[in-house]
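> Contents of run.pdb (PDB, C-alpha atoms, pLDDT in the B column) are below:
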MODEL        1
ATOM      1  CA  MET A   1     262.226  39.183 106.779  1.00 90.00           C
ATOM      2  CA  THR A   2     265.128  38.983 109.214  1.00 94.00           C
ATOM      3  CA  ALA A   3     265.079  40.131 112.796  1.00 97.00           C
ATOM      4  CA  LEU A   4     267.676  40.660 115.483  1.00 97.00           C
ATOM      5  CA  TRP A   5     267.664  37.947 118.125  1.00 97.00           C
ATOM      6  CA  ARG A   6     269.477  38.032 121.466  1.00 97.00           C
ATOM      7  CA  ILE A   7     270.426  34.550 122.577  1.00 96.00           C
ATOM      8  CA  ASP A   8     271.662  34.123 126.164  1.00 93.00           C
ATOM      9  CA  VAL A   9     273.043  30.772 127.263  1.00 89.00           C
ATOM     10  CA  ARG A  10     273.108  29.924 130.958  1.00 88.00           C
ATOM     11  CA  LEU A  11     273.882  26.872 133.039  1.00 85.00           C
ATOM     12  CA  GLY A  12     271.342  25.825 135.639  1.00 85.00           C
ATOM     13  CA  ASP A  13     269.857  28.616 137.704  1.00 83.00           C
ATOM     14  CA  ALA A  14     272.465  31.228 136.809  1.00 68.00           C
ATOM     15  CA  ARG A  15     271.468  34.808 137.520  1.00 77.00           C
ATOM     16  CA  ALA A  16     270.025  36.771 134.628  1.00 71.00           C
ATOM     17  CA  ASP A  17     273.163  38.921 134.399  1.00 74.00           C
ATOM     18  CA  ASP A  18     275.576  35.945 134.197  1.00 82.00           C
ATOM     19  CA  PRO A  19     275.136  34.217 130.817  1.00 88.00           C
ATOM     20  CA  LEU A  20     277.907  31.919 129.589  1.00 86.00           C
ATOM     21  CA  ARG A  21     277.313  33.327 126.133  1.00 90.00           C
ATOM     22  CA  SER A  22     275.250  36.275 124.955  1.00 93.00           C
ATOM     23  CA  MET A  23     274.973  36.977 121.253  1.00 95.00           C
ATOM     24  CA  VAL A  24     272.846  39.148 119.020  1.00 97.00           C
ATOM     25  CA  VAL A  25     272.343  37.568 115.606  1.00 97.00           C
ATOM     26  CA  GLU A  26     270.298  38.417 112.566  1.00 97.00           C
ATOM     27  CA  ALA A  27     268.083  35.593 111.357  1.00 98.00           C
ATOM     28  CA  GLU A  28     264.654  34.915 109.934  1.00 97.00           C
ATOM     29  CA  THR A  29     263.470  32.515 112.635  1.00 97.00           C
ATOM     30  CA  GLU A  30     264.269  31.629 116.214  1.00 96.00           C
ATOM     31  CA  ALA A  31     265.575  28.254 115.056  1.00 97.00           C
ATOM     32  CA  ASP A  32     267.927  29.945 112.565  1.00 97.00           C
ATOM     33  CA  ALA A  33     269.187  32.263 115.304  1.00 97.00           C
ATOM     34  CA  LEU A  34     269.852  29.295 117.590  1.00 97.00           C
ATOM     35  CA  ARG A  35     271.713  27.504 114.782  1.00 97.00           C
ATOM     36  CA  LEU A  36     273.977  30.544 114.294  1.00 97.00           C
ATOM     37  CA  VAL A  37     274.788  30.701 118.003  1.00 96.00           C
ATOM     38  CA  LEU A  38     275.407  26.947 118.100  1.00 95.00           C
ATOM     39  CA  ALA A  39     277.765  27.167 115.116  1.00 95.00           C
ATOM     40  CA  GLN A  40     279.752  29.934 116.844  1.00 94.00           C
ATOM     41  CA  ALA A  41     279.866  27.935 120.089  1.00 92.00           C
ATOM     42  CA  GLU A  42     281.213  24.902 118.210  1.00 92.00           C
ATOM     43  CA  ARG A  43     283.906  27.051 116.537  1.00 90.00           C
ATOM     44  CA  ASP A  44     284.851  28.543 119.907  1.00 88.00           C
ATOM     45  CA  GLN A  45     285.095  25.073 121.449  1.00 87.00           C
ATOM     46  CA  ALA A  46     287.332  23.824 118.620  1.00 84.00           C
ATOM     47  CA  ASP A  47     289.571  26.893 119.007  1.00 81.00           C
ATOM     48  CA  ALA A  48     289.788  26.361 122.779  1.00 78.00           C
ATOM     49  CA  GLU A  49     290.668  22.679 122.354  1.00 76.00           C
ATOM     50  CA  GLU A  50     293.415  23.611 119.884  1.00 74.00           C
ATOM     51  CA  LEU A  51     294.839  26.176 122.313  1.00 70.00           C
ATOM     52  CA  LEU A  52     294.724  23.609 125.114  1.00 65.00           C
ATOM     53  CA  GLN A  53     296.645  21.094 122.997  1.00 64.00           C
ATOM     54  CA  ASP A  54     299.210  23.727 121.983  1.00 60.00           C
ATOM     55  CA  GLY A  55     299.603  24.774 125.611  1.00 57.00           C
ATOM     56  CA  GLN A  56     300.037  21.189 126.748  1.00 57.00           C
ATOM     57  CA  GLU A  57     302.712  20.630 124.100  1.00 59.00           C
ATOM     58  CA  GLU A  58     304.578  23.711 125.345  1.00 60.00           C
ATOM     59  CA  VAL A  59     304.445  22.525 128.965  1.00 58.00           C
ATOM     60  CA  PHE A  60     305.645  19.038 127.985  1.00 59.00           C
ATOM     61  CA  SER A  61     308.466  20.534 125.926  1.00 63.00           C
ATOM     62  CA  ARG A  62     309.702  22.721 128.785  1.00 61.00           C
ATOM     63  CA  THR A  63     309.523  19.800 131.212  1.00 60.00           C
ATOM     64  CA  GLU A  64     311.484  17.546 128.845  1.00 66.00           C
ATOM     65  CA  VAL A  65     314.184  20.171 128.345  1.00 62.00           C
ATOM     66  CA  ARG A  66     314.537  20.673 132.100  1.00 65.00           C
ATOM     67  CA  GLU A  67     314.907  16.929 132.561  1.00 67.00           C
ATOM     68  CA  GLY A  68     317.432  16.681 129.744  1.00 62.00           C
ATOM     69  CA  HIS A  69     315.154  14.895 127.284  1.00 60.00           C
ATOM     70  CA  VAL A  70     315.225  16.532 123.892  1.00 58.00           C
ATOM     71  CA  GLU A  71     312.544  15.247 121.576  1.00 56.00           C
ATOM     72  CA  HIS A  72     313.828  16.747 118.341  1.00 54.00           C
ATOM     73  CA  GLN A  73     317.545  16.782 117.821  1.00 54.00           C
ATOM     74  CA  ALA A  74     319.335  17.939 114.731  1.00 55.00           C
ATOM     75  CA  HIS A  75     321.704  15.243 113.546  1.00 55.00           C
ATOM     76  CA  THR A  76     324.713  16.304 111.530  1.00 56.00           C
ATOM     77  CA  ASP A  77     326.641  13.767 109.554  1.00 54.00           C
TER      78      ASP A  77
ENDMDL
END
As a first step, turn the structure in this file into C-alpha cells.


Amino acid sequence: MTALWRIDVRLGDARADDPLRSMVVEAETEADALRLVLAQAERDQADAEELLQDGQEEVFSRTEVREGHVEHQAHTD
C-alpha cells in the first residue's frame, strides 16, 4: 500500500522553514520515497548544469563578437 511522504532536504542546521528541497511523493516505503526525491534532484542538477553551459557559451559568444573574433563564419566560394 502506498503512502504520501514529505521529504525535506536541508543543509546543516537550517531552520525548519528553509529546506533546500521539499517534496511530497507517493511510495510504498521510506526508502522508495527517498529514491524518488533523489532521482528528481539528479534530474534538476543535470538541467542546471546544462543551463550553466548554455549560459557560458552565450557569454563567450558575446565577448568574442565584441572583440572581433567570430567563431563561426560562413564562407562563400

> Could you work out how far atom CA of Ala31 of chain A lies from atom CA of Val9 of chain A, giving the answer in Å with one decimal?

14.5 Å

> Mind pulling up the distance from atom CA of Asp13 of chain A to atom CA of Val25 of chain A?

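Interatomic distance, atom CA of Val25 of chain A to atom CA of Asp13 of chain A: 24.0 Å.
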
> Considering all atoms listed in the file, state which residue in the set A:Thr2, A:Asp17, A:Thr29, A:Ile7 is at the smallest distance from Ala41 of chain A.

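Ranking A:Thr2, A:Asp17, A:Thr29, A:Ile7 by distance to Ala41 of chain A, first place goes to A:Ile7.
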
> What's the 12 Å shell around segment 20-23 of chain A, counting all atoms listed in the file, without same-chain residues fewer than 5 positions away, as JSON, numbers by chain?

{"A": [4, 5, 6, 7, 8, 9, 10, 11, 12, 13, 14, 15, 33, 34, 35, 36, 37, 38, 39, 40, 41, 44]}

> Next, dump the selected residues to file, keeping only C-alpha atoms, as an mmCIF file, in the frame of the given file.


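The result, stored in again_35.cif:
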data_model
loop_
_atom_site.group_PDB
_atom_site.id
_atom_site.type_symbol
_atom_site.label_atom_id
_atom_site.label_comp_id
_atom_site.auth_asym_id
_atom_site.auth_seq_id
_atom_site.Cartn_x
_atom_site.Cartn_y
_atom_site.Cartn_z
ATOM 1 C CA LEU A 4 267.676 40.660 115.483
ATOM 2 C CA TRP A 5 267.664 37.947 118.125
ATOM 3 C CA ARG A 6 269.477 38.032 121.466
ATOM 4 C CA ILE A 7 270.426 34.550 122.577
ATOM 5 C CA ASP A 8 271.662 34.123 126.164
ATOM 6 C CA VAL A 9 273.043 30.772 127.263
ATOM 7 C CA ARG A 10 273.108 29.924 130.958
ATOM 8 C CA LEU A 11 273.882 26.872 133.039
ATOM 9 C CA GLY A 12 271.342 25.825 135.639
ATOM 10 C CA ASP A 13 269.857 28.616 137.704
ATOM 11 C CA ALA A 14 272.465 31.228 136.809
ATOM 12 C CA ARG A 15 271.468 34.808 137.520
ATOM 13 C CA ALA A 33 269.187 32.263 115.304
ATOM 14 C CA LEU A 34 269.852 29.295 117.590
ATOM 15 C CA ARG A 35 271.713 27.504 114.782
ATOM 16 C CA LEU A 36 273.977 30.544 114.294
ATOM 17 C CA VAL A 37 274.788 30.701 118.003
ATOM 18 C CA LEU A 38 275.407 26.947 118.100
ATOM 19 C CA ALA A 39 277.765 27.167 115.116
ATOM 20 C CA GLN A 40 279.752 29.934 116.844
ATOM 21 C CA ALA A 41 279.866 27.935 120.089
ATOM 22 C CA ASP A 44 284.851 28.543 119.907
#

> Some atoms are missing, so please complete segment 23-46 of chain A with N, CA, C and O atoms and return it as a PDB file, in the coordinates of the input.


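Final output, result-v1.pdb:
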ATOM      1  N   MET A  23     274.715  36.539 122.625  1.00 95.00           N
ATOM      2  CA  MET A  23     274.973  36.977 121.253  1.00 95.00           C
ATOM      3  C   MET A  23     273.715  37.592 120.653  1.00 95.00           C
ATOM      4  O   MET A  23     272.605  37.166 120.942  1.00 95.00           O
ATOM      5  N   VAL A  24     273.922  38.591 119.823  1.00 97.00           N
ATOM      6  CA  VAL A  24     272.846  39.148 119.020  1.00 97.00           C
ATOM      7  C   VAL A  24     273.133  38.728 117.589  1.00 97.00           C
ATOM      8  O   VAL A  24     274.227  38.974 117.067  1.00 97.00           O
ATOM      9  N   VAL A  25     272.171  38.046 116.982  1.00 97.00           N
ATOM     10  CA  VAL A  25     272.343  37.568 115.606  1.00 97.00           C
ATOM     11  C   VAL A  25     271.142  37.999 114.776  1.00 97.00           C
ATOM     12  O   VAL A  25     270.054  38.238 115.299  1.00 97.00           O
ATOM     13  N   GLU A  26     271.368  38.086 113.489  1.00 97.00           N
ATOM     14  CA  GLU A  26     270.298  38.417 112.566  1.00 97.00           C
ATOM     15  C   GLU A  26     269.873  37.148 111.847  1.00 97.00           C
ATOM     16  O   GLU A  26     270.700  36.468 111.243  1.00 97.00           O
ATOM     17  N   ALA A  27     268.594  36.823 111.958  1.00 98.00           N
ATOM     18  CA  ALA A  27     268.083  35.593 111.357  1.00 98.00           C
ATOM     19  C   ALA A  27     266.586  35.750 111.097  1.00 98.00           C
ATOM     20  O   ALA A  27     265.932  36.627 111.668  1.00 98.00           O
ATOM     21  N   GLU A  28     266.085  34.867 110.256  1.00 97.00           N
ATOM     22  CA  GLU A  28     264.654  34.915 109.934  1.00 97.00           C
ATOM     23  C   GLU A  28     263.790  34.295 111.027  1.00 97.00           C
ATOM     24  O   GLU A  28     262.694  34.773 111.308  1.00 97.00           O
ATOM     25  N   THR A  29     264.268  33.208 111.631  1.00 97.00           N
ATOM     26  CA  THR A  29     263.470  32.515 112.635  1.00 97.00           C
ATOM     27  C   THR A  29     264.294  32.288 113.899  1.00 97.00           C
ATOM     28  O   THR A  29     265.527  32.384 113.887  1.00 97.00           O
ATOM     29  N   GLU A  30     263.597  31.948 114.960  1.00 96.00           N
ATOM     30  CA  GLU A  30     264.269  31.629 116.214  1.00 96.00           C
ATOM     31  C   GLU A  30     265.204  30.439 116.031  1.00 96.00           C
ATOM     32  O   GLU A  30     266.339  30.434 116.533  1.00 96.00           O
ATOM     33  N   ALA A  31     264.749  29.442 115.297  1.00 97.00           N
ATOM     34  CA  ALA A  31     265.575  28.254 115.056  1.00 97.00           C
ATOM     35  C   ALA A  31     266.846  28.624 114.295  1.00 97.00           C
ATOM     36  O   ALA A  31     267.932  28.121 114.605  1.00 97.00           O
ATOM     37  N   ASP A  32     266.738  29.506 113.305  1.00 97.00           N
ATOM     38  CA  ASP A  32     267.927  29.945 112.565  1.00 97.00           C
ATOM     39  C   ASP A  32     268.889  30.692 113.482  1.00 97.00           C
ATOM     40  O   ASP A  32     270.109  30.523 113.400  1.00 97.00           O
ATOM     41  N   ALA A  33     268.350  31.521 114.361  1.00 97.00           N
ATOM     42  CA  ALA A  33     269.187  32.263 115.304  1.00 97.00           C
ATOM     43  C   ALA A  33     269.917  31.300 116.235  1.00 97.00           C
ATOM     44  O   ALA A  33     271.118  31.454 116.491  1.00 97.00           O
ATOM     45  N   LEU A  34     269.227  30.289 116.715  1.00 97.00           N
ATOM     46  CA  LEU A  34     269.852  29.295 117.590  1.00 97.00           C
ATOM     47  C   LEU A  34     270.940  28.525 116.857  1.00 97.00           C
ATOM     48  O   LEU A  34     271.998  28.231 117.425  1.00 97.00           O
ATOM     49  N   ARG A  35     270.692  28.207 115.579  1.00 97.00           N
ATOM     50  CA  ARG A  35     271.713  27.504 114.782  1.00 97.00           C
ATOM     51  C   ARG A  35     272.979  28.349 114.636  1.00 97.00           C
ATOM     52  O   ARG A  35     274.096  27.833 114.694  1.00 97.00           O
ATOM     53  N   LEU A  36     272.814  29.657 114.424  1.00 97.00           N
ATOM     54  CA  LEU A  36     273.977  30.544 114.294  1.00 97.00           C
ATOM     55  C   LEU A  36     274.786  30.583 115.586  1.00 97.00           C
ATOM     56  O   LEU A  36     276.022  30.530 115.566  1.00 97.00           O
ATOM     57  N   VAL A  37     274.097  30.666 116.706  1.00 96.00           N
ATOM     58  CA  VAL A  37     274.788  30.701 118.003  1.00 96.00           C
ATOM     59  C   VAL A  37     275.472  29.364 118.272  1.00 96.00           C
ATOM     60  O   VAL A  37     276.609  29.316 118.745  1.00 96.00           O
ATOM     61  N   LEU A  38     274.805  28.273 117.930  1.00 95.00           N
ATOM     62  CA  LEU A  38     275.407  26.947 118.100  1.00 95.00           C
ATOM     63  C   LEU A  38     276.656  26.813 117.236  1.00 95.00           C
ATOM     64  O   LEU A  38     277.691  26.318 117.707  1.00 95.00           O
ATOM     65  N   ALA A  39     276.599  27.255 116.002  1.00 95.00           N
ATOM     66  CA  ALA A  39     277.765  27.167 115.116  1.00 95.00           C
ATOM     67  C   ALA A  39     278.938  27.946 115.696  1.00 95.00           C
ATOM     68  O   ALA A  39     280.083  27.481 115.677  1.00 95.00           O
ATOM     69  N   GLN A  40     278.680  29.143 116.239  1.00 94.00           N
ATOM     70  CA  GLN A  40     279.752  29.934 116.844  1.00 94.00           C
ATOM     71  C   GLN A  40     280.297  29.237 118.079  1.00 94.00           C
ATOM     72  O   GLN A  40     281.507  29.203 118.303  1.00 94.00           O
ATOM     73  N   ALA A  41     279.425  28.646 118.889  1.00 92.00           N
ATOM     74  CA  ALA A  41     279.866  27.935 120.089  1.00 92.00           C
ATOM     75  C   ALA A  41     280.753  26.753 119.715  1.00 92.00           C
ATOM     76  O   ALA A  41     281.762  26.481 120.375  1.00 92.00           O
ATOM     77  N   GLU A  42     280.397  26.039 118.654  1.00 92.00           N
ATOM     78  CA  GLU A  42     281.213  24.902 118.210  1.00 92.00           C
ATOM     79  C   GLU A  42     282.566  25.371 117.701  1.00 92.00           C
ATOM     80  O   GLU A  42     283.595  24.740 117.965  1.00 92.00           O
ATOM     81  N   ARG A  43     282.617  26.506 116.982  1.00 90.00           N
ATOM     82  CA  ARG A  43     283.906  27.051 116.537  1.00 90.00           C
ATOM     83  C   ARG A  43     284.750  27.469 117.734  1.00 90.00           C
ATOM     84  O   ARG A  43     285.954  27.208 117.787  1.00 90.00           O
ATOM     85  N   ASP A  44     284.127  28.121 118.705  1.00 88.00           N
ATOM     86  CA  ASP A  44     284.851  28.543 119.907  1.00 88.00           C
ATOM     87  C   ASP A  44     285.411  27.347 120.666  1.00 88.00           C
ATOM     88  O   ASP A  44     286.539  27.389 121.161  1.00 88.00           O
ATOM     89  N   GLN A  45     284.630  26.273 120.752  1.00 87.00           N
ATOM     90  CA  GLN A  45     285.095  25.073 121.449  1.00 87.00           C
ATOM     91  C   GLN A  45     286.286  24.457 120.718  1.00 87.00           C
ATOM     92  O   GLN A  45     287.273  24.066 121.344  1.00 87.00           O
ATOM     93  N   ALA A  46     286.221  24.382 119.393  1.00 84.00           N
ATOM     94  CA  ALA A  46     287.332  23.824 118.620  1.00 84.00           C
ATOM     95  C   ALA A  46     288.587  24.669 118.805  1.00 84.00           C
ATOM     96  O   ALA A  46     289.687  24.138 118.977  1.00 84.00           O
TER      97      ALA A  46
END
